[in-house]
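Source file: data.txt; contents: compact mmCIF, C-alpha atoms.
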# COMPACT_ATOMS: atom_id res chain seq x y z
CA MET A 1 150.02 40.27 182.77
CA LEU A 2 151.39 41.14 179.33
CA ASP A 3 149.12 40.98 176.33
CA LYS A 4 149.83 38.68 173.42
CA ARG A 5 151.11 41.42 171.12
CA THR A 6 153.57 42.70 173.71
CA TYR A 7 154.84 39.17 174.33
CA GLU A 8 155.32 38.78 170.57
CA LEU A 9 157.22 42.08 170.32
CA LEU A 10 159.50 41.05 173.17
CA ASN A 11 160.27 37.73 171.53
CA GLN A 12 161.02 39.45 168.24
CA GLU A 13 163.24 41.90 170.09
CA ALA A 14 165.23 39.00 171.54
CA ASP A 15 165.54 37.56 168.03
CA GLY A 16 166.58 40.91 166.54
CA ALA A 17 163.59 40.69 164.25
CA ASN A 18 161.71 43.88 165.08
CA THR A 19 161.31 46.71 162.60
CA PRO A 20 162.78 50.04 163.78
CA ARG A 21 159.26 51.23 164.57
CA ASP A 22 158.47 48.12 166.66
CA GLY A 23 161.88 48.52 168.30
CA GLU A 24 160.84 51.96 169.49
CA ARG A 25 157.59 50.56 170.84
CA VAL A 26 159.48 47.89 172.76
CA LYS A 27 161.80 50.52 174.20
CA ALA A 28 158.82 52.43 175.51
CA ILE A 29 157.21 49.28 176.94
CA LEU A 30 160.42 48.30 178.71
CA GLU A 31 160.75 51.74 180.29
CA ARG A 32 157.38 51.53 181.96
CA SER A 33 156.93 47.76 182.61
CA ALA A 34 159.05 45.76 185.04
CA GLU A 35 157.21 42.61 183.93
CA ALA A 36 158.20 43.25 180.31
CA ARG A 37 161.84 43.66 181.35
CA GLU A 38 161.65 40.40 183.24
CA VAL A 39 160.07 38.54 180.31
CA LEU A 40 162.69 39.84 177.87
CA ALA A 41 165.48 38.85 180.26
CA GLY A 42 163.89 35.40 180.55
CA ILE A 43 163.75 34.93 176.77
CA LYS A 44 167.38 35.97 176.45
CA GLU A 45 168.34 33.63 179.26
CA LEU A 46 166.56 30.76 177.52
CA SER A 47 168.26 31.58 174.21
CA ALA A 48 171.65 31.60 175.94
CA ALA A 49 170.91 28.27 177.62
CA LEU A 50 169.95 26.71 174.27
CA LYS A 51 173.04 28.21 172.63
CA SER A 52 175.19 26.54 175.28
CA VAL A 53 174.17 23.08 174.08
CA PRO A 54 177.01 21.81 171.93
CA ASP A 55 176.60 20.16 168.55
CA VAL A 56 176.73 16.39 168.52
CA ASP A 57 179.45 14.87 166.38
CA PRO A 58 178.02 12.61 163.70
CA PRO A 59 179.68 9.21 163.45
CA ARG A 60 182.71 9.16 161.19
CA SER A 61 181.13 6.47 159.10
CA LEU A 62 178.06 8.54 158.28
CA LYS A 63 179.33 10.07 155.06
CA ALA A 64 180.45 6.71 153.69
CA ARG A 65 177.18 5.16 154.72
CA ILE A 66 175.24 7.87 152.89
CA LEU A 67 177.34 7.63 149.76
CA ASN A 68 177.10 3.86 149.72
CA SER A 69 173.34 4.00 149.81
CA LEU A 70 172.91 6.31 146.83
CA PRO A 71 171.24 4.62 143.87
CA HIS A 72 173.56 3.87 140.93
CA ALA A 73 176.28 5.93 142.50
CA ALA A 74 178.53 4.62 145.15
CA PRO A 75 180.95 1.76 144.65
CA ARG A 76 179.39 -1.50 145.59
CA PRO A 77 182.25 -3.88 146.02
CA SER A 78 180.12 -6.90 146.71
CA ILE A 79 178.64 -6.97 143.23
CA VAL A 80 180.47 -8.73 140.46
CA ARG A 81 179.26 -7.97 136.95
CA PRO A 82 179.74 -10.58 134.23
CA PRO A 83 182.55 -9.98 131.77
CA ALA A 84 181.55 -8.09 128.61
CA TRP A 85 182.13 -11.08 126.35
CA ILE A 86 179.62 -13.14 128.32
CA GLN A 87 177.03 -10.38 128.06
CA LEU A 88 177.61 -10.23 124.29
CA LEU A 89 177.42 -13.97 124.04
CA PHE A 90 174.02 -14.02 125.67
CA GLN A 91 172.77 -11.24 123.43
CA ALA A 92 173.35 -13.34 120.32
CA PRO A 93 170.01 -14.78 119.12
CA SER A 94 171.44 -18.18 118.25
CA VAL A 95 172.95 -18.62 121.66
CA ARG A 96 169.77 -17.50 123.37
CA LEU A 97 167.80 -20.00 121.32
CA ALA A 98 170.25 -22.73 122.11
CA THR A 99 170.14 -22.03 125.78
CA SER A 100 166.37 -22.02 125.64
CA PHE A 101 166.34 -25.51 124.21
CA ALA A 102 169.11 -26.65 126.46
CA GLY A 103 166.85 -25.97 129.36
CA GLY A 104 165.94 -22.95 131.39
CA ALA A 105 167.17 -24.54 134.55
CA VAL A 106 170.75 -24.93 133.34
CA ALA A 107 170.84 -21.37 132.01
CA GLY A 108 169.33 -20.11 135.20
CA ILE A 109 171.93 -21.74 137.36
CA LEU A 110 174.70 -20.48 135.06
CA LEU A 111 173.42 -16.93 135.02
CA PHE A 112 172.80 -16.94 138.72
CA ALA A 113 176.39 -17.99 139.29
CA MET A 114 177.69 -15.26 137.01
CA PHE A 115 175.46 -12.37 137.94
CA SER A 116 175.14 -12.83 141.62
CA ASP A 117 177.52 -11.32 144.09
CA THR A 118 179.37 -13.34 146.65
CA PRO A 119 177.92 -12.14 149.88
CA GLN A 120 179.64 -14.72 152.00
CA ASN A 121 182.89 -12.96 151.20
CA SER A 122 181.51 -9.53 151.82
CA SER A 123 182.14 -7.92 155.16
CA ARG A 124 178.93 -5.94 154.73
CA PHE A 125 176.74 -8.99 154.53
CA VAL A 126 175.03 -10.13 157.69
CA GLY A 127 173.12 -13.39 157.58
CA THR A 128 173.17 -16.21 155.12
CA ILE A 129 171.98 -16.71 151.62
CA GLY A 130 170.54 -19.99 150.47
CA ASN A 131 170.98 -21.76 147.19
CA ALA A 132 169.17 -20.46 144.19
CA SER A 133 166.65 -22.90 142.83
CA THR A 134 165.30 -22.76 139.34
CA THR A 135 161.82 -23.87 138.48
CA GLY A 136 162.10 -23.31 134.77
CA ALA A 137 160.48 -19.91 134.91
CA SER A 138 161.65 -18.48 138.20
CA VAL A 139 164.59 -18.24 140.55
CA SER A 140 164.20 -18.00 144.30
CA VAL A 141 166.76 -16.72 146.73
CA ASN A 142 166.51 -17.42 150.43
CA VAL A 143 167.02 -14.59 152.87
CA VAL A 144 168.08 -15.62 156.34
CA LEU A 145 168.74 -12.71 158.68
CA PRO A 146 168.50 -12.79 162.46
CA LEU A 147 164.93 -11.43 162.56
CA ILE A 148 163.89 -11.69 158.93
CA GLN A 149 163.52 -14.89 156.96
CA GLY A 150 161.98 -15.52 153.59
CA THR A 151 162.49 -15.66 149.88
CA ILE A 152 162.70 -13.33 146.95
CA THR A 153 161.59 -14.79 143.65
CA ALA A 154 162.32 -13.45 140.20
CA GLU A 155 160.04 -14.62 137.45
CA ARG A 156 158.51 -13.65 134.14
CA VAL A 157 154.75 -13.63 134.15
CA ASN A 158 152.50 -12.56 131.30
CA GLY A 159 155.23 -10.58 129.63
CA LEU A 160 156.19 -8.81 132.85
CA LEU A 161 159.14 -9.18 135.16
CA ARG A 162 157.88 -9.96 138.62
CA THR A 163 159.74 -9.96 141.91
CA ARG A 164 157.91 -11.58 144.74
CA GLY A 165 158.93 -11.24 148.36
CA ASN A 166 157.67 -13.53 151.06
CA PHE A 167 159.07 -12.64 154.48
CA LYS A 168 158.48 -13.43 158.08
CA ALA A 169 159.91 -10.51 160.00
CA SER A 170 159.87 -9.26 163.54
CA GLU A 171 161.53 -5.93 162.88
CA VAL A 172 161.11 -2.99 160.55
CA PHE A 173 162.85 -3.42 157.23
CA ASP A 174 163.05 -1.88 153.80
CA LEU A 175 163.08 -3.96 150.65
CA ARG A 176 164.66 -1.87 147.93
CA LEU A 177 164.50 -2.85 144.26
CA THR A 178 166.85 -0.85 142.05
CA PHE A 179 166.70 -1.08 138.29
CA ASP A 180 167.82 0.56 135.09
CA GLN A 181 164.88 2.80 134.23
CA THR A 182 165.94 3.01 130.60
CA ARG A 183 165.33 -0.72 130.24
CA ILE A 184 162.41 -1.54 132.51
CA GLU A 185 159.75 0.44 134.31
CA PHE A 186 157.60 -0.05 137.36
CA GLU A 187 154.23 -1.54 136.49
CA SER A 188 152.38 -2.48 139.66
CA PHE A 189 152.59 -3.48 143.28
CA GLN A 190 150.45 -6.11 144.86
CA ALA A 191 150.27 -7.02 148.54
CA GLU A 192 149.15 -10.61 148.66
CA ARG A 193 148.41 -10.55 152.35
CA PRO A 194 147.37 -7.64 154.57
CA SER A 195 150.51 -6.14 155.99
CA HIS A 196 151.81 -2.87 157.40
CA ALA A 197 153.79 -1.87 154.36
CA MET A 198 154.41 1.40 152.59
CA MET A 199 155.65 1.66 149.05
CA ASP A 200 157.59 4.49 147.51
CA VAL A 201 158.39 4.62 143.81
CA SER A 202 161.06 6.97 142.53
CA PRO A 203 163.05 6.88 139.29
CA GLY A 204 164.92 3.60 139.19
CA VAL A 205 163.95 2.54 142.69
CA VAL A 206 160.98 0.89 144.35
CA ARG A 207 161.07 0.84 148.14
CA ILE A 208 158.78 -1.18 150.32
CA SER A 209 158.94 -0.49 154.03
CA SER A 210 157.40 -3.11 156.22
CA ASP A 211 157.18 -3.45 159.97
CA GLY A 212 156.46 -7.15 159.93
CA ASP A 213 155.56 -10.07 157.68
CA LEU A 214 155.37 -9.18 154.05
CA VAL A 215 154.04 -11.08 151.07
CA SER A 216 153.96 -8.88 148.03
CA SER A 217 155.00 -8.69 144.44
CA VAL A 218 156.24 -5.88 142.26
CA SER A 219 155.93 -6.10 138.49
CA PHE A 220 158.00 -4.32 135.89
CA ARG A 221 157.39 -3.71 132.20
CA MET A 222 160.19 -4.30 129.71
CA ILE A 223 160.65 -1.16 127.65
CA GLN A 224 162.30 -2.84 124.68
CA GLY A 225 160.96 -6.30 125.26
CA LYS A 226 164.14 -7.43 126.97
CA PRO A 227 164.61 -8.14 130.65
CA ALA A 228 167.08 -6.29 132.84
CA PRO A 229 168.50 -7.30 136.20
CA ILE A 230 167.04 -5.86 139.39
CA ARG A 231 169.10 -5.30 142.50
CA ALA A 232 167.20 -6.46 145.58
CA GLU A 233 168.44 -5.11 148.90
CA ILE A 234 167.16 -5.34 152.43
CA TYR A 235 167.89 -2.54 154.86
CA VAL A 236 167.39 -2.74 158.58
CA ARG A 237 167.71 0.51 160.52
CA GLY A 238 169.35 2.06 157.51
CA GLU A 239 171.99 -0.66 157.29
CA ARG A 240 172.10 -2.88 154.24
CA ARG A 241 171.84 -6.48 155.39
CA PHE A 242 171.19 -8.30 152.18
CA GLU A 243 171.85 -7.75 148.53
CA HIS A 244 171.30 -9.84 145.45
CA ILE A 245 171.00 -9.26 141.74
CA LEU A 246 167.85 -10.83 140.37
CA THR A 247 168.00 -11.84 136.74
CA PHE A 248 165.18 -12.93 134.50
CA ASP A 249 166.95 -14.44 131.53
CA GLN A 250 166.54 -17.88 133.01
CA SER A 251 162.89 -18.05 132.05
CA SER A 252 162.94 -18.91 128.40
CA GLN A 253 159.26 -19.61 128.49
CA GLU A 254 156.73 -17.50 130.28
CA SER A 255 154.43 -18.84 132.90
CA PHE A 256 150.89 -17.66 133.21
CA ASP A 257 148.97 -16.94 136.35
CA HIS A 258 145.20 -17.01 136.37
CA MET B 1 179.08 33.04 148.81
CA LYS B 2 178.33 29.62 150.22
CA GLN B 3 174.85 29.75 148.72
CA GLU B 4 176.43 30.24 145.30
CA ASP B 5 178.77 27.39 145.95
CA ASP B 6 175.88 25.14 146.85
CA SER B 7 174.05 26.00 143.63
CA VAL B 8 177.18 25.28 141.63
CA LEU B 9 177.57 21.93 143.36
CA VAL B 10 173.95 21.06 142.70
CA ARG B 11 174.39 21.87 139.02
CA GLN B 12 177.56 19.81 138.83
CA CYS B 13 175.81 16.95 140.54
CA LEU B 14 172.94 17.10 138.05
CA ASP B 15 175.55 16.96 135.31
CA GLY B 16 176.70 13.65 136.74
CA ASN B 17 179.56 14.78 138.95
CA GLN B 18 179.39 12.43 141.90
CA LYS B 19 182.10 14.33 143.77
CA ALA B 20 179.87 17.39 143.90
CA PHE B 21 177.26 15.49 145.86
CA GLU B 22 179.96 14.16 148.16
CA GLU B 23 180.88 17.77 148.91
CA LEU B 24 177.27 18.60 149.75
CA VAL B 25 177.16 15.60 152.09
CA GLU B 26 180.40 16.76 153.68
CA ARG B 27 178.99 20.24 154.24
CA TYR B 28 175.61 19.31 155.58
CA GLN B 29 175.90 15.93 157.25
CA ARG B 30 176.60 17.61 160.57
CA PRO B 31 173.63 20.02 160.72
CA VAL B 32 171.27 17.37 159.31
CA PHE B 33 172.48 14.80 161.83
CA ASN B 34 172.13 17.32 164.65
CA LEU B 35 168.65 18.31 163.58
CA ALA B 36 167.59 14.67 163.57
CA PHE B 37 169.34 14.03 166.87
CA ARG B 38 167.65 16.97 168.63
CA PHE B 39 164.36 15.72 167.27
CA THR B 40 164.76 12.09 168.33
CA LEU B 41 167.49 12.24 170.96
CA ASP B 42 168.74 8.92 169.65
CA ARG B 43 172.02 8.66 167.77
CA GLU B 44 171.06 5.58 165.78
CA ASP B 45 167.75 7.05 164.75
CA ALA B 46 169.49 10.29 163.80
CA GLU B 47 171.92 8.33 161.63
CA ASP B 48 169.09 6.53 159.88
CA ILE B 49 167.28 9.79 159.28
CA ALA B 50 170.39 11.58 158.02
CA GLN B 51 171.04 8.75 155.60
CA SER B 52 167.54 8.78 154.17
CA VAL B 53 167.58 12.59 153.96
CA PHE B 54 170.59 12.58 151.66
CA VAL B 55 169.30 9.67 149.60
CA LYS B 56 166.01 11.51 149.12
CA ALA B 57 167.84 14.73 148.29
CA TYR B 58 169.94 12.90 145.72
CA GLU B 59 166.91 11.32 144.13
CA LYS B 60 164.94 14.57 144.04
CA LEU B 61 167.77 16.93 143.19
CA LYS B 62 166.17 17.73 139.84
CA THR B 63 163.23 19.24 141.67
CA PHE B 64 165.40 21.66 143.68
CA ASP B 65 164.45 25.24 142.89
CA PRO B 66 167.63 27.36 142.96
CA LYS B 67 165.70 30.42 144.03
CA TYR B 68 165.70 28.86 147.52
CA ARG B 69 168.77 28.15 149.56
CA PHE B 70 169.97 24.58 149.22
CA PHE B 71 170.18 23.97 152.95
CA SER B 72 166.60 25.21 153.45
CA TRP B 73 165.48 22.69 150.87
CA LEU B 74 167.59 20.00 152.53
CA TYR B 75 166.17 20.85 155.97
CA LYS B 76 162.69 20.57 154.53
CA ILE B 77 163.48 16.99 153.61
CA ALA B 78 165.14 16.44 156.98
CA VAL B 79 162.12 17.67 158.90
CA ASN B 80 159.77 15.50 156.85
CA GLU B 81 161.99 12.48 157.32
CA SER B 82 162.23 13.10 161.07
CA ILE B 83 158.48 13.44 161.43
CA ASN B 84 157.81 10.40 159.25
CA PHE B 85 160.37 8.46 161.22
CA LEU B 86 158.65 9.30 164.49
CA HIS B 87 155.27 8.36 163.05
CA ARG B 88 156.55 5.05 161.78
CA LYS B 89 158.28 4.32 165.01
CA ARG B 90 155.23 5.27 166.99
CA ASP B 91 152.97 3.12 164.84
CA PHE B 92 155.37 0.26 165.07
CA ASP B 93 155.63 0.47 168.81
CA ARG B 94 151.84 0.76 169.01
CA PHE B 95 152.10 3.60 171.44
CA ASP B 96 150.12 6.74 171.17
CA GLU B 97 152.11 9.93 170.98
CA SER B 98 151.51 11.16 174.48
CA LEU B 99 152.34 7.84 176.06
CA HIS B 100 155.43 7.55 173.91
CA SER B 101 156.76 11.00 174.66
CA GLN B 102 155.89 10.60 178.30
CA GLU B 103 157.81 7.35 178.51
CA ARG B 104 160.78 8.82 176.77
CA ALA B 105 160.68 11.86 178.95
CA ASP B 106 160.54 9.70 182.06
CA GLU B 107 163.45 7.57 181.01
CA PRO B 108 166.76 9.32 181.34
CA VAL B 109 168.22 9.28 177.86
CA TYR B 110 171.61 10.14 179.22
CA HIS B 111 173.05 9.40 182.58
CA ASP B 112 175.00 12.58 182.13
CA PRO B 113 173.53 15.19 184.45
CA SER B 114 174.93 18.06 182.41
CA VAL B 115 172.98 21.14 181.50
CA SER B 116 172.87 20.21 177.83
CA SER B 117 171.33 16.81 178.47
CA THR B 118 168.75 18.42 180.75
CA ILE B 119 167.89 20.83 177.96
CA ASP B 120 167.74 17.99 175.43
CA ASN B 121 165.34 16.09 177.64
CA ALA B 122 163.20 19.18 178.21
CA LEU B 123 163.00 19.62 174.44
CA LEU B 124 161.73 16.09 174.13
CA GLU B 125 158.82 16.98 176.37
CA LEU B 126 157.56 19.48 173.82
CA LYS B 127 155.11 18.29 171.21
CA PRO B 128 156.92 17.60 167.91
CA GLU B 129 155.40 20.59 166.11
CA PHE B 130 156.71 22.90 168.84
CA ARG B 131 160.02 21.09 169.24
CA ILE B 132 160.88 21.48 165.60
CA VAL B 133 160.50 25.26 165.56
CA VAL B 134 162.77 25.56 168.58
CA ILE B 135 165.36 23.33 166.90
CA LEU B 136 165.25 25.26 163.65
CA ASN B 137 165.38 28.65 165.34
CA HIS B 138 167.77 28.10 168.21
CA PHE B 139 170.01 25.31 166.96
CA GLN B 140 170.01 25.99 163.23
CA ASP B 141 169.69 29.79 163.48
CA LEU B 142 166.97 30.02 160.87
CA SER B 143 164.66 33.01 160.49
CA TYR B 144 160.89 32.84 160.89
CA ARG B 145 160.56 33.06 157.11
CA GLU B 146 162.96 30.17 156.48
CA ILE B 147 161.24 28.05 159.11
CA GLY B 148 157.92 28.83 157.44
CA TYR B 149 159.28 27.64 154.12
CA ILE B 150 160.65 24.45 155.63
CA LEU B 151 157.50 23.61 157.57
CA ASN B 152 155.01 24.94 155.03
CA LEU B 153 153.65 27.33 157.61
CA ARG B 154 152.76 31.01 157.55
CA GLU B 155 155.27 33.23 159.31
CA ASN B 156 152.72 34.19 161.96
CA THR B 157 152.09 30.52 162.75
CA VAL B 158 155.83 29.96 163.10
CA LYS B 159 156.08 32.86 165.55
CA SER B 160 153.08 31.72 167.51
CA ARG B 161 154.48 28.19 167.87
CA LEU B 162 157.98 29.38 168.65
CA PHE B 163 156.90 31.83 171.33
CA SER B 164 154.56 29.28 172.94
CA ALA B 165 157.32 26.69 172.86
CA ARG B 166 159.70 29.10 174.56
CA ARG B 167 157.22 29.76 177.31
CA LYS B 168 156.74 26.05 177.94
CA LEU B 169 160.46 25.33 177.72
CA LYS B 170 161.24 28.13 180.12
CA THR B 171 158.86 26.63 182.66
CA LEU B 172 160.36 23.16 182.23
CA LEU B 173 163.93 24.41 182.57
CA ALA B 174 163.07 26.56 185.56
CA LYS B 175 161.72 23.46 187.30
CA LYS B 176 165.03 21.74 186.63
CA GLY B 177 166.97 24.72 187.90
CA ILE B 178 168.52 25.63 184.55
CA THR B 179 166.82 29.01 184.20
CA HIS B 180 165.12 31.37 186.61
CA ALA B 181 161.41 30.84 187.23
Write-out of the structure in structure tokens:
Amino acid sequence: MLDKRTYELLNQEADGANTPRDGERVKAILERSAEAREVLAGIKELSAALKSVPDVDPPRSLKARILNSLPHAAPRPSIVRPPAWIQLLFQAPSVRLATSFAGGAVAGILLFAMFSDTPQNSSRFVGTIGNASTTGASVSVNVVLPLIQGTITAERVNGLLRTRGNFKASEVFDLRLTFDQTRIEFESFQAERPSHAMMDVSPGVVRISSDGDLVSSVSFRMIQGKPAPIRAEIYVRGERRFEHILTFDQSSQESFDH
Amino acid sequence: MKQEDDSVLVRQCLDGNQKAFEELVERYQRPVFNLAFRFTLDREDAEDIAQSVFVKAYEKLKTFDPKYRFFSWLYKIAVNESINFLHRKRDFDRFDESLHSQERADEPVYHDPSVSSTIDNALLELKPEFRIVVILNHFQDLSYREIGYILNLRENTVKSRLFSARRKLKTLLAKKGITHA
């Protein structure tokens, strides 16, 4: 029976990792021990067997899938940004005031129509999206996927931007909120019901991984007092199944929770 | 030479060159996918892991220390993602680890009776902490030192795990007629 040190030296010999001095020691051991010769041959045989296992080809789509999932990087054809003149128009104080008085609901519907993508036309979208409904201070979007149903709500509460997700789910999913970190920053996360969820915050992205029902809200602080859109995406097994741009301009007056 | 190239690409990427990151994905998608596949023996899981590895790498690129090799740093992320993935999957399935690995080992992952699938299945019978050192050493050709860096282990611990894993694997493969007893 070989001792532990000898077994270690033999393994290192097979890996070509012995010092010259240890190499000499191994040579001497091999000359006098048939068991050592057998063990070394066995290690080399195992290494050869493992070497014979071929690489597995990754799917051709892997690179594109990776690049498409990078934050703020890959082309996202399903998102339509509003024309520049509309963005300028809504930055003008008089127009913002007018839209406020004209009614948050009308502005909300208008902005929703302009900012949101058109997932029904996107080949990447699986599931259905419901109508957006405005309640003066918030906009809700329905998520209807085969095993995940619920709503995502965008609202302004106490000077914060709040996204609230309420999902019934029977599979693992990731809710990813991507935002422009120069305009808003993560403030807090609140799980409103006990759930198996993990949250990960990195620059410009908040990820919530859940393996079932999820009722939670994520709040953001406005850096310059102005809201910024947040991209909400749902991933299932690494595949994006839902995407929507949440906007907060619809809430001309803030609601207050107590 | 390649190491230098990787560092250049990382710098370019940090300067906002998206193509540079694409090149890094092109270079390393295969080894990362294979590492994840050997760890999970599931193509879909390996795809998910590979995707999250590169997204994490992209997000944390600023923290990359150029005194290390880029692929060692990337493998570190890949190993963590693979282990986290297994934990999440295990928790989700509400199986304990031994039951889970036993079930997977009992179920033929492939119906292909080839030597490589037998080896893959034998690997899956190793505990994850032993499996990963075998993968990094034998499939990714990494040194004890590099494996130590990736797994946050001392070199002696790497050797101890690797040599124990080989002994166990040898026994398993001998039973299946792949190697001599």
Using 6 Å as the limit and counting only C-alpha atoms, can you tabulate each residue of chain B that touches chain A, with its shortest atom-to-atom distance in Å and the two atoms involved, as a tab-separated table?
residue	atom	partner	partner_atom	distance
B:Asp48	CA	A:Gly238	CA	5.1
B:Gln51	CA	A:Ile66	CA	5.1
B:Val55	CA	A:Leu70	CA	5.7
B:Ser116	CA	A:Val53	CA	4.9
(request) Do a neighbour search on Phe64 (chain B) at 8 Å with all atoms listed in the file, toss out local chain neighbours closer than 4 positions, and write the hits as a ChimeraX atom specification. (result) /B:60,70,73
For the residues in the current selection, export C-alpha atoms as a PDB file, in the frame of the given file.
ATOM      1  CA  LYS B  60     164.940  14.570 144.040  1.00  0.00           C
ATOM      2  CA  PHE B  70     169.970  24.580 149.220  1.00  0.00           C
ATOM      3  CA  TRP B  73     165.480  22.690 150.870  1.00  0.00           C
TER       4      TRP B  73
END
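Compared by their closest atoms to Glu47 (chain B), and using only C-alpha atoms, the residues A:Arg60, A:Ser138, A:Ala232, A:Thr151 rank with A:Arg60 nearest.
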(message) Can you measure CA of Arg156 (chain A) to CA of Asn142 (chain A) for me? One decimal in Å is fine.
(response)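 These two atoms are separated by 18.5 Å.
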(request) In Å, rounded to a single decimal, give me how far CA of Arg145 (chain B) is from CA of Leu162 (chain B). (result)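 Taking CA of Leu162 (chain B) as the start and CA of Arg145 (chain B) as the end point, the length is 12.4 Å.
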(message) Counting all atoms listed in the file, which residue out of B:Leu86, B:Val158, B:Asn121, B:Leu169 sits closest to Leu142 (chain B)?
(response)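 The shortest atom-to-atom distance to Leu142 (chain B) comes from B:Val158.
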(request) Could you jot down the CA of Leu40 (chain A) to CA of Gly148 (chain B) separation for me, Å, one decimal place? (result)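 A separation of 23.7 Å between them.
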(request) Considering all atoms listed in the file, return as a ChimeraX atom specification whatever protein or nucleic-acid residues lie within 8 Å of Leu126 (chain B), sequence-local ones (same chain, fewer than 3 positions apart) excluded. (result) /B:122-123,130-131,165,168-169
Could you dump the residues just selected with C-alpha atoms as a tab-separated table (two decimals), keeping the file's coordinate frame?
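Output saved as selection21.tsv:
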chain	number	residue	atom	x	y	z
B	122	ALA	CA	163.20	19.18	178.21
B	123	LEU	CA	163.00	19.62	174.44
B	130	PHE	CA	156.71	22.90	168.84
B	131	ARG	CA	160.02	21.09	169.24
B	165	ALA	CA	157.32	26.69	172.86
B	168	LYS	CA	156.74	26.05	177.94
B	169	LEU	CA	160.46	25.33	177.72
(message) Report as an NGL selection string all protein, DNA and RNA residues lying within 10 Å of Val10 (chain B), evaluated on all atoms listed in the file, omitting residues in the same chain fewer than 6 positions from it.
(response) :B and (4 or 16-17 or 20-21 or 23-24 or 58 or 61-62 or 64 or 66 or 70)
(message) Restricting the calculation to only C-alpha atoms: of A:Gln149, A:Thr6, A:Thr182, A:Ser216, which residue gets closest to Gly165 (chain A)?
(response) A:Ser216
Mind working out the centre and edge lengths of an axis-aligned box for region 138-142 of chain B, all listed atoms inside, 6 Å added to each side, rounded to one decimal in Å and written as JSON?
{"center_x": 168.5, "center_y": 27.7, "center_z": 164.5, "size_x": 15.0, "size_y": 16.7, "size_z": 19.3}
(request) For Leu246 (chain A), please output as a PyMOL selection string all residues within 9 Å (counting only C-alpha atoms; exclusion window: fewer than 5 positions along the same chain). (result) chain A and resi 112+115-116+139-141+152-154+163+228-232
(message) I need the residue nearest Lys67 (chain B) from this list: B:Asp42, B:Ser117, B:Ser7, B:Phe54. Use only C-alpha atoms for the distance.
(response)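 Among the listed residues, B:Ser7 lies closest to Lys67 (chain B).
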